[in-house]
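Worksheet: one structure, shown below.
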Amino acid sequence: MLLTPIEDKKFRHEHLLSSPSNLDDIQSFEVDKKSGKGLERYIKMLAEPEEYERSNRTYLVRDKVTNEIAAYYSLHTGSFTLKEKGQTDEDASKYTVPSVELSNFAVNSAYRKKHPEIQGLGELIFRRFIIPTVNYGAELFGIQALHIYALPEDELIEHYGTFGFSRLPPEMEKYIHEHLKTDYDEKCIFMYQIL
């Protein structure tokens, strides 16, 4: 296992490749929302190969009693460039921020349907599992921020705002889109938070 397991009263997390049964179990992962189908496809088809390529690390969050997968998330390193506030492009002093990208994050719709009494599952997982994992990495090597490319849905952008993510000013967001953004995130919105 790559990390010491993180747990709370109800859930625990584990690395995707920590058990051979995980690769079978992820096949029942569901994302009901049409715009999130790419997240379902990722966990079922792309997460394992990216583990072997070392291009992403995926973690499952499981119910400690039922062992069901409640959610998953993937992380990889990255960086982005900011400029000092109030400076124009001509005299801008740009600096690079070492970061981790939350490249995938989804709650299992099948789990949510079976357990409607559990409210705020996404936020719980973000605060109790994702942030501690990123902070663990920050203790090992330089990480100053967490960033995402959020689907361009107002409700989702607002939701990530409640998690502490911010958008860049339009000119810097344009710069990110032109220089750093990957093809699969073509229409997504760059958001970040300083750790």
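We label chains A, B, ... in the order they appear in the structure tokens, count residues from 1 in each chain, and number ligands from 1 in the order shown.
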
Using 8 Å as the limit and counting only C-alpha atoms, can you tabulate each residue of segment 82-142 of chain A that touches segment 51-73 of chain A, with its shortest atom-to-atom distance in Å and the two atoms involved, as CSV?
```
residue,atom,partner,partner_atom,distance
A:Leu102,CA,A:Tyr73,CA,7.2
A:Ser103,CA,A:Tyr73,CA,7.5
A:Asn104,CA,A:Tyr73,CA,5.2
A:Phe105,CA,A:Tyr73,CA,4.2
A:Ala106,CA,A:Ala71,CA,5.6
A:Val107,CA,A:Ala71,CA,4.1
A:Asn108,CA,A:Ala71,CA,5.1
A:Tyr111,CA,A:Ala70,CA,5.5
A:Arg112,CA,A:Ala70,CA,7.4
A:Ile125,CA,A:Val61,CA,7.7
A:Ile130,CA,A:Tyr73,CA,7.6
```

(request) DSSP on the backbone, then: every residue of segment 41-123 of chain A marked strand (DSSP E), written as a PyMOL selection string. (result) chain A and resi 57-63+69-83+94-107

Computed gap from atom CA of Ser21 of chain A to atom CA of Ile118 of chain A is 25.2 Å

Exercise for review: Compile the contact shell of Ala138 of chain A as a list in words: residues with an atom at most 10 Å away, counting only C-alpha atoms, same-chain residues fewer than 6 positions apart removed.
Suggested key: Pro98, Ser99, Val100, Pro132, Gln144, Ala145 and Leu195 of chain A

Problem - Spatial neighbours of Pro170 of chain A, max dist 12 Å, only C-alpha atoms, sep filter under 3 positions, as a PyMOL selection string - result: chain A and resi 167+173-177+189-191

Contact residues around Thr81 of chain A with only C-alpha atoms at 7 Å, ignoring same-chain residues under 5 positions, as JSON, numbers by chain = {"A": [94, 95, 96, 97]}

As an MDAnalysis selection string, please: every residue in segment 41-194 of chain A that DSSP puts in helix (DSSP H, G or I).
chainID A and resid 41:53 109:114 121:140 154:162 170:179 183:185

Gly161 of chain A: which residues within 10 Å, counting only C-alpha atoms, same-chain residues fewer than 5 positions away excluded, as a list in words?
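Final neighbour list, sorted by chain and number: Glu155, Leu156, Ser166, Arg167, Met191, Tyr192 and Gln193 of chain A.
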
Next item on the list: Please provide the set of residues having any atom within 12 Å of Ile131 of chain A, restricted to only C-alpha atoms, with same-chain residues fewer than 2 positions apart removed, written as a PyMOL selection string.
Entry: chain A and resi 6+73+75+100-102+123-129+133-138+145-147+163-164+193-195

Output file for the residues above (N, CA and C atoms, as a short mmCIF file (atom, residue, chain, number, x, y, z; two decimals), in the first residue's frame):
```cif
data_model
loop_
_atom_site.label_atom_id
_atom_site.label_comp_id
_atom_site.auth_asym_id
_atom_site.auth_seq_id
_atom_site.Cartn_x
_atom_site.Cartn_y
_atom_site.Cartn_z
N ILE A 6 -6.22 5.80 5.75
CA ILE A 6 -6.93 6.86 6.45
C ILE A 6 -8.32 6.33 6.75
N TYR A 73 -11.20 8.74 -5.78
CA TYR A 73 -10.54 9.95 -6.25
C TYR A 73 -9.17 9.60 -6.79
N LEU A 75 -5.30 11.39 -7.95
CA LEU A 75 -4.40 12.52 -7.78
C LEU A 75 -3.16 12.35 -8.63
N VAL A 100 -0.92 19.66 -6.60
CA VAL A 100 -1.48 18.34 -6.88
C VAL A 100 -2.81 18.58 -7.57
N GLU A 101 -3.06 17.83 -8.62
CA GLU A 101 -4.35 17.91 -9.29
C GLU A 101 -5.27 16.81 -8.78
N LEU A 102 -6.44 17.20 -8.37
CA LEU A 102 -7.51 16.24 -8.09
C LEU A 102 -8.12 15.94 -9.45
N GLU A 123 -18.47 16.03 0.31
CA GLU A 123 -17.70 16.94 1.16
C GLU A 123 -16.97 16.18 2.26
N LEU A 124 -17.63 15.18 2.85
CA LEU A 124 -16.99 14.36 3.87
C LEU A 124 -15.72 13.71 3.32
N ILE A 125 -15.82 13.14 2.14
CA ILE A 125 -14.66 12.47 1.53
C ILE A 125 -13.57 13.48 1.20
N PHE A 126 -13.97 14.63 0.71
CA PHE A 126 -12.99 15.66 0.39
C PHE A 126 -12.21 16.07 1.64
N ARG A 127 -12.92 16.37 2.71
CA ARG A 127 -12.27 16.89 3.92
C ARG A 127 -11.54 15.82 4.73
N ARG A 128 -12.06 14.60 4.77
CA ARG A 128 -11.47 13.57 5.64
C ARG A 128 -10.50 12.64 4.92
N PHE A 129 -10.53 12.64 3.59
CA PHE A 129 -9.65 11.72 2.87
C PHE A 129 -8.76 12.43 1.85
N THR A 133 -4.69 13.24 2.40
CA THR A 133 -3.76 12.58 1.47
C THR A 133 -2.84 13.60 0.82
N VAL A 134 -3.40 14.72 0.38
CA VAL A 134 -2.60 15.78 -0.24
C VAL A 134 -1.63 16.37 0.78
N ASN A 135 -2.10 16.60 1.99
CA ASN A 135 -1.21 17.15 3.02
C ASN A 135 -0.09 16.17 3.38
N TYR A 136 -0.37 14.88 3.33
CA TYR A 136 0.68 13.87 3.54
C TYR A 136 1.76 14.04 2.47
N GLY A 137 1.34 14.19 1.23
CA GLY A 137 2.29 14.44 0.14
C GLY A 137 3.07 15.72 0.35
N ALA A 138 2.41 16.74 0.85
CA ALA A 138 3.08 18.02 1.08
C ALA A 138 4.16 17.91 2.15
N ALA A 145 -0.43 23.80 -3.32
CA ALA A 145 -1.83 23.99 -3.68
C ALA A 145 -2.43 22.69 -4.18
N LEU A 146 -3.74 22.69 -4.23
CA LEU A 146 -4.53 21.63 -4.84
C LEU A 146 -5.33 22.28 -5.94
N HIS A 147 -5.36 21.67 -7.13
CA HIS A 147 -6.15 22.25 -8.21
C HIS A 147 -7.00 21.20 -8.90
N PHE A 163 -15.88 24.04 -1.01
CA PHE A 163 -14.76 23.21 -0.58
C PHE A 163 -13.48 24.03 -0.42
N GLY A 164 -13.54 25.32 -0.77
CA GLY A 164 -12.37 26.18 -0.66
C GLY A 164 -11.66 26.48 -1.96
N GLN A 193 -6.88 25.84 -4.68
CA GLN A 193 -6.82 26.34 -3.31
C GLN A 193 -5.41 26.16 -2.81
N ILE A 194 -4.94 27.18 -2.11
CA ILE A 194 -3.61 27.14 -1.49
C ILE A 194 -3.74 26.33 -0.20
N LEU A 195 -2.80 25.40 0.02
CA LEU A 195 -2.86 24.54 1.21
C LEU A 195 -2.35 25.28 2.44
#
```
